[in-house]
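Structure file entry08.cif with mmCIF, C-alpha atoms:
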data_input
loop_
_atom_site.label_atom_id
_atom_site.label_comp_id
_atom_site.auth_asym_id
_atom_site.auth_seq_id
_atom_site.Cartn_x
_atom_site.Cartn_y
_atom_site.Cartn_z
CA LEU A 1 8.08 -6.58 -10.05
CA TYR A 2 6.13 -5.77 -6.89
CA ASP A 3 6.09 -2.01 -7.49
CA ALA A 4 4.96 -2.59 -11.07
CA LEU A 5 1.77 -4.36 -9.94
CA PRO A 6 -1.41 -2.20 -10.11
CA LYS A 7 -2.33 -3.07 -6.54
CA TYR A 8 -3.98 0.08 -5.15
CA ASN A 9 -7.50 1.40 -5.60
CA TRP A 10 -7.58 5.16 -6.28
CA ALA A 11 -11.38 5.42 -6.43
CA GLN A 12 -13.02 7.94 -4.12
CA LYS A 13 -15.28 5.30 -2.58
CA ARG A 14 -13.21 3.51 0.05
CA GLU A 15 -15.70 1.31 1.87
CA HIS A 16 -18.04 -1.30 0.41
CA ASP A 17 -20.61 -3.63 1.90
CA ASP A 18 -21.65 -5.55 -1.21
CA LEU A 19 -19.87 -8.89 -1.65
CA GLN A 20 -20.25 -8.50 -5.42
CA GLU A 21 -17.76 -5.63 -5.11
CA ALA A 22 -15.29 -7.78 -3.17
CA GLU A 23 -12.79 -8.05 -5.98
CA ILE A 24 -10.93 -5.81 -8.43
CA THR A 25 -9.29 -7.41 -11.47
CA ARG A 26 -6.61 -5.68 -13.52
CA ASN A 27 -4.39 -6.76 -16.40
CA CYS A 28 -0.75 -5.77 -16.74
CA THR A 29 2.47 -6.76 -18.50
CA LEU A 30 5.46 -7.86 -16.43
CA ARG A 31 8.75 -8.55 -18.16
CA GLY A 32 6.96 -9.00 -21.46
CA LYS A 33 4.38 -11.43 -20.09
CA GLU A 34 0.67 -10.76 -19.69
CA CYS A 35 -0.48 -11.06 -16.07
CA GLN A 36 -3.74 -10.62 -14.23
CA VAL A 37 -3.86 -9.04 -10.79
CA VAL A 38 -6.78 -9.68 -8.46
CA ILE A 39 -7.15 -7.37 -5.45
CA LYS A 40 -9.38 -8.47 -2.59
CA PRO A 41 -10.33 -6.08 0.22
CA ALA A 42 -9.75 -6.31 3.92
CA ILE A 43 -12.83 -7.15 6.00
CA LEU A 44 -13.02 -4.82 9.01
CA LYS A 45 -15.56 -4.01 11.68
CA LYS A 46 -16.50 -0.31 11.76
CA ARG A 47 -19.34 1.49 13.48
CA GLY A 48 -20.89 -1.82 14.42
CA LYS A 49 -20.99 -3.22 10.89
CA THR A 50 -18.72 -5.21 8.61
CA VAL A 51 -17.16 -3.26 5.74
CA LEU A 52 -14.87 -4.14 2.83
CA ILE A 53 -11.91 -1.77 2.34
CA PHE A 54 -9.51 -1.94 -0.59
CA PRO A 55 -5.93 -0.69 -0.18
CA GLY A 56 -5.89 2.86 -1.55
CA THR A 57 -3.88 6.07 -1.44
CA ARG A 58 -3.60 6.00 2.36
CA GLU A 59 -2.28 2.45 2.37
CA GLU A 60 0.15 3.27 -0.45
CA VAL A 61 1.78 6.15 1.48
CA VAL A 62 1.82 4.14 4.73
CA GLU A 63 3.70 1.37 2.94
CA ASP A 64 6.09 3.91 1.41
CA ALA A 65 6.78 5.46 4.83
CA LEU A 66 7.54 2.06 6.37
CA ARG A 67 9.84 1.23 3.49
CA ASN A 68 11.63 4.53 4.14
CA PHE A 69 12.25 3.31 7.71
CA ALA A 70 13.59 0.01 6.43
CA ALA A 71 15.91 1.79 3.99
CA SER A 72 17.13 4.04 6.84
CA GLY A 73 18.27 1.20 9.09
CA GLN A 74 15.16 -0.15 10.81
CA ALA A 75 14.82 -3.27 8.65
CA LYS A 76 14.48 -6.55 10.52
CA ILE A 77 14.00 -10.23 9.79
CA LEU A 78 10.66 -11.01 11.45
CA GLU A 79 9.34 -14.56 11.38
CA ASN A 80 11.74 -15.32 8.47
CA ASP A 81 10.31 -12.43 6.45
CA ALA A 82 11.67 -8.96 5.70
CA GLY A 83 10.02 -6.39 7.92
CA VAL A 84 10.45 -3.22 9.94
CA THR A 85 9.87 -2.03 13.51
CA PHE A 86 8.53 1.44 14.29
CA THR A 87 6.38 3.49 16.65
CA LEU A 88 3.03 4.96 15.67
CA ASN A 89 4.25 8.46 16.55
CA GLN A 90 7.29 7.98 14.34
CA LEU A 91 5.11 6.79 11.46
CA GLN A 92 2.72 9.72 11.93
CA ARG A 93 5.61 12.21 11.76
CA GLU A 94 7.02 10.52 8.65
CA LEU A 95 3.64 10.71 6.92
CA GLU A 96 3.33 14.39 7.84
CA SER A 97 6.77 15.04 6.32
CA MET A 98 5.45 13.38 3.13
CA GLY A 99 2.45 15.74 3.10
CA HIS A 100 -0.14 13.34 4.54
CA GLY A 101 -1.78 14.15 7.85
CA PHE A 102 -3.46 11.08 9.40
CA ASN A 103 -4.42 10.56 13.02
CA ILE A 104 -3.25 7.46 14.87
CA ALA A 105 -6.58 5.63 14.38
CA GLU A 106 -6.42 6.21 10.60
CA ILE A 107 -2.82 5.00 10.47
CA LYS A 108 -3.68 1.82 12.39
CA GLU A 109 -6.64 1.20 10.10
CA GLY A 110 -4.40 1.64 7.06
CA ILE A 111 -2.01 -1.00 8.41
CA MET A 112 -4.92 -3.34 9.18
CA VAL A 113 -6.19 -2.92 5.61
CA CYS A 114 -2.74 -3.89 4.31
CA ARG A 115 -2.77 -6.86 6.66
CA GLY A 116 -6.29 -8.00 5.75
CA ASP A 117 -6.33 -7.49 1.98
CA ASN A 118 -5.08 -10.03 -0.55
CA LEU A 119 -3.12 -9.58 -3.74
CA GLU A 120 -3.11 -12.41 -6.28
CA CYS A 121 -1.07 -12.43 -9.48
CA PHE A 122 -1.82 -14.92 -12.27
CA GLY A 123 0.32 -15.74 -15.30
CA ASP A 124 -0.95 -15.97 -18.86
CA ASN A 125 -1.73 -19.67 -18.31
CA ASP A 126 -3.91 -18.82 -15.26
CA GLU A 127 -1.28 -20.27 -12.97
CA THR A 128 -1.06 -18.40 -9.66
CA LEU A 129 2.32 -16.71 -9.48
CA ILE A 130 1.87 -15.42 -5.93
CA SER A 131 -0.87 -14.71 -3.40
CA SER A 132 -0.26 -12.66 -0.27
CA ASN A 133 -1.31 -9.66 1.80
CA VAL A 134 0.52 -6.35 1.38
CA PHE A 135 1.67 -6.87 5.00
CA PRO A 136 1.56 -10.63 5.70
CA THR A 137 2.18 -10.03 9.42
CA SER A 138 1.62 -7.06 11.68
CA GLY A 139 1.89 -6.32 15.36
CA LEU A 140 0.10 -3.19 16.56
CA ILE A 141 -0.33 -1.83 20.05
CA THR A 142 -3.76 -1.08 21.55
CA ARG A 143 -5.01 2.41 22.36
CA LYS A 144 -4.41 1.69 26.05
CA GLN A 145 -0.81 0.66 25.37
CA TYR A 146 -0.29 3.70 23.17
CA LEU A 147 -1.54 6.13 25.84
CA LYS A 148 0.71 4.42 28.38
CA ASP A 149 3.82 4.47 26.18
CA PHE A 150 3.97 6.59 23.01
CA ASP A 151 7.24 4.86 22.06
CA ALA A 152 5.87 1.30 22.20
CA GLN A 153 7.14 -0.68 19.23
CA CYS A 154 5.00 -2.03 16.37
CA TYR A 155 6.10 -4.12 13.41
CA VAL A 156 5.03 -5.33 9.98
CA THR A 157 6.49 -7.72 7.44
CA PHE A 158 6.57 -6.73 3.78
CA HIS A 159 5.02 -8.51 0.82
CA PRO A 160 7.23 -11.49 -0.16
CA MET A 161 7.86 -9.98 -3.62
CA PHE A 162 9.70 -7.02 -2.05
CA PRO A 163 12.41 -7.34 -0.97
CA PRO A 164 13.59 -10.89 -1.79
CA LEU A 165 13.50 -13.09 1.29
CA SER A 166 16.90 -13.88 2.71
CA PRO A 167 17.77 -14.91 6.28
CA GLN A 168 20.72 -12.53 6.53
CA PRO A 169 21.81 -9.96 9.17
CA SER A 170 19.62 -6.89 9.29
CA HIS A 171 22.41 -4.52 8.13
CA HIS A 172 22.75 -6.52 4.89
CA LEU A 173 19.00 -6.46 4.46
CA THR A 174 18.96 -2.72 5.11
CA SER A 175 21.53 -2.15 2.37
CA LYS A 176 19.52 -4.28 -0.09
CA ILE A 177 16.23 -2.55 0.72
CA SER A 178 17.88 0.86 0.48
CA THR A 179 19.20 0.15 -3.02
CA ILE A 180 15.92 -1.28 -4.32
CA HIS A 181 13.79 1.33 -2.59
CA THR A 182 15.85 4.23 -3.96
CA SER A 183 15.51 2.92 -7.52
CA PHE A 184 11.75 2.37 -7.32
CA SER A 185 11.14 5.61 -5.41
CA SER A 186 12.58 7.64 -8.30
CA VAL A 187 10.29 5.82 -10.74
CA ARG A 188 7.29 6.24 -8.42
CA ARG A 189 7.95 9.99 -8.01
CA SER A 190 8.18 10.42 -11.77
CA PHE A 191 4.88 8.60 -12.24
CA LEU A 192 3.14 10.57 -9.50
CA ASP A 193 4.40 13.86 -10.97
CA PHE A 194 3.12 12.72 -14.37
CA ARG A 195 -0.26 11.79 -12.87
CA VAL A 196 -0.57 15.15 -11.11
CA ARG A 197 0.28 17.05 -14.31
CA LEU A 198 -1.85 14.92 -16.62
CA PHE A 199 -5.13 14.66 -14.72
CA PRO A 200 -6.06 18.38 -14.58
CA SER A 201 -5.53 18.80 -18.35
CA LEU A 202 -7.39 15.56 -19.02
CA ILE A 203 -10.34 16.68 -16.90
CA ALA A 204 -10.35 20.03 -18.72
CA ARG A 205 -10.40 18.27 -22.09
CA ILE A 206 -13.29 16.06 -21.00
CA SER A 207 -15.19 19.16 -19.90
CA ASP A 208 -14.61 20.79 -23.31
CA TRP A 209 -15.76 17.64 -25.10
CA ARG A 210 -18.95 17.57 -23.04
CA LYS A 211 -19.67 21.22 -23.90
CA LEU A 212 -19.21 20.51 -27.60
CA ALA A 213 -21.49 17.49 -27.38
CA LEU A 214 -24.25 19.59 -25.83
CA ARG A 215 -24.24 22.18 -28.62
#
For this file, write the structure as structure tokens.
Amino acid sequence: LYDALPKYNWAQKREHDDLQEAEITRNCTLRGKECQVVIKPAILKKRGKTVLIFPGTREEVVEDALRNFAASGQAKILENDAGVTFTLNQLQRELESMGHGFNIAEIKEGIMVCRGDNLECFGDNDETLISSNVFPTSGLITRKQYLKDFDAQCYVTFHPMFPPLSPQPSHHLTSKISTIHTSFSSVRRSFLDFRVRLFPSLIARISDWRKLALR
């Protein structure tokens, strides 16, 4: 269910400062039921001013990379929630292997956006099904700690909808996450391939339509 939620913002504009833009509402169908998803941005301090940042492509790939770690044996139960421990260097290398080059500051900001945003899902009777951050809990090291020890450990906990909460040994959790993650990763890759193939032709068609309209 979690991966089926339209929870990321793919718009080019990442940062907002207007409170009227502090919410994105989307409709979707989950298991045959109409649902409404409300995405609220993280509120961060940048360049001396307060900005609103929605989780976007960067946050999506950061979450995917951390889920890869969990599926590979780094899953932990943290504060009764499913989570993962990692180093910032390790995460940076994983993102590079996925074709995304971010510096450490950008990676930390991506995690803070996932920690500060809010994802609400409502049923067809307007009853709140769940409300949580993408990463309900996070523990990041400071720049000073990072420069002192590149292998200092960080951690995050995952959204409560993925994987199901269960206070079991980490190797059982790892097996469960690996199975679920593998299944959804294949679906996600198929969708991303479809998106990459579809958009160029769609843009070309729109361009042709505009030319015809101008004649």
Which polymer residues, protein or nucleic acid, are no farther than 12 Å from (-14.0, 6.0, -1.4), counting all atoms listed in the file, as a ChimeraX atom specification?
/A:9-16,52-58
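Nearest residue to A:Gln92, choosing from A:Asn27, A:Gly73, A:Asn80, A:Val62 and counting all atoms listed in the file: A:Val62.
Proximity to A:Val51 was assessed for A:Ile77, A:Leu147, A:Asp17, A:Met161 counting all atoms listed in the file; the smallest distance is recorded for A:Asp17.
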Using atom CA of A:Arg31 and atom CA of A:Tyr8 as the two end points, give the distance in Å to one decimal.
20.1 Å
Would you tabulate, counting only C-alpha atoms, all residues of stretch 104-171 of chain A that have an atom at most 10 Å from an atom of stretch 19-26 of chain A, showing the closest pair of atoms and their distance in Å to one decimal, sorted by chain then ascending number, as a Markdown table?
| residue | atom | partner | partner_atom | distance |
| --- | --- | --- | --- | --- |
| A:Asn118 | CA | A:Glu23 | CA | 9.6 |
| A:Leu119 | CA | A:Ile24 | CA | 9.9 |
| A:Glu120 | CA | A:Thr25 | CA | 9.5 |
| A:Cys121 | CA | A:Arg26 | CA | 9.6 |
So which residues touch A:Leu5 within 9 Å, counting only C-alpha atoms, skipping near sequence neighbours fewer than 6 positions away, as a PyMOL selection string?
chain A and resi 28-30+37+121
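With atom CA of A:Lys46 on one side and atom CA of A:Ser131 on the other, the separation reads 26.1 Å.
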Could you tell me which residues the PyMOL selection byres ((chain A and resi 97-106) around 10) grabs in this file, written as JSON, numbers by chain?
{"A": [58, 59, 61, 62, 64, 65, 88, 89, 91, 92, 93, 94, 95, 96, 107, 108, 109, 110, 111, 112, 143, 146]}
Quick one, how far is atom CA of A:His159 from atom CA of A:Ser132?
6.8 Å
Step by step, work through what the PyMOL selection byres ((chain A and resi 158) around 6) selects in the shown file, and finish by giving those residues as a ChimeraX atom specification.
/A:82-83,135,157,159
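Here the question is which of A:Cys114, A:Cys35, A:Leu66, A:Ala75 gets nearest to A:Pro136 using all atoms listed in the file, and that residue is A:Cys114.
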Taking into account all atoms listed in the file, which residue in the set A:Glu79, A:Arg115, A:Phe162, A:Gly123 is nearest to A:Ala4?
A:Phe162
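Residues having any atom no farther than 10 Å from (-0.6, -10.6, 14.8) (counting only C-alpha atoms) are A:Arg115, A:Pro136, A:Thr137, A:Ser138, A:Gly139, A:Leu140, A:Tyr155, A:Val156.
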Shell of 12 Å around A:Asn125, all atoms listed in the file, local chain residues under 5 positions omitted, as number ranges by chain
A: 33-36
For the residues selected in the previous step, produce a file with C-alpha atoms as an mmCIF file, in the frame of the given file.
data_model
loop_
_atom_site.group_PDB
_atom_site.id
_atom_site.type_symbol
_atom_site.label_atom_id
_atom_site.label_comp_id
_atom_site.auth_asym_id
_atom_site.auth_seq_id
_atom_site.Cartn_x
_atom_site.Cartn_y
_atom_site.Cartn_z
ATOM 1 C CA LYS A 33 4.380 -11.430 -20.090
ATOM 2 C CA GLU A 34 0.670 -10.760 -19.690
ATOM 3 C CA CYS A 35 -0.480 -11.060 -16.070
ATOM 4 C CA GLN A 36 -3.740 -10.620 -14.230
#
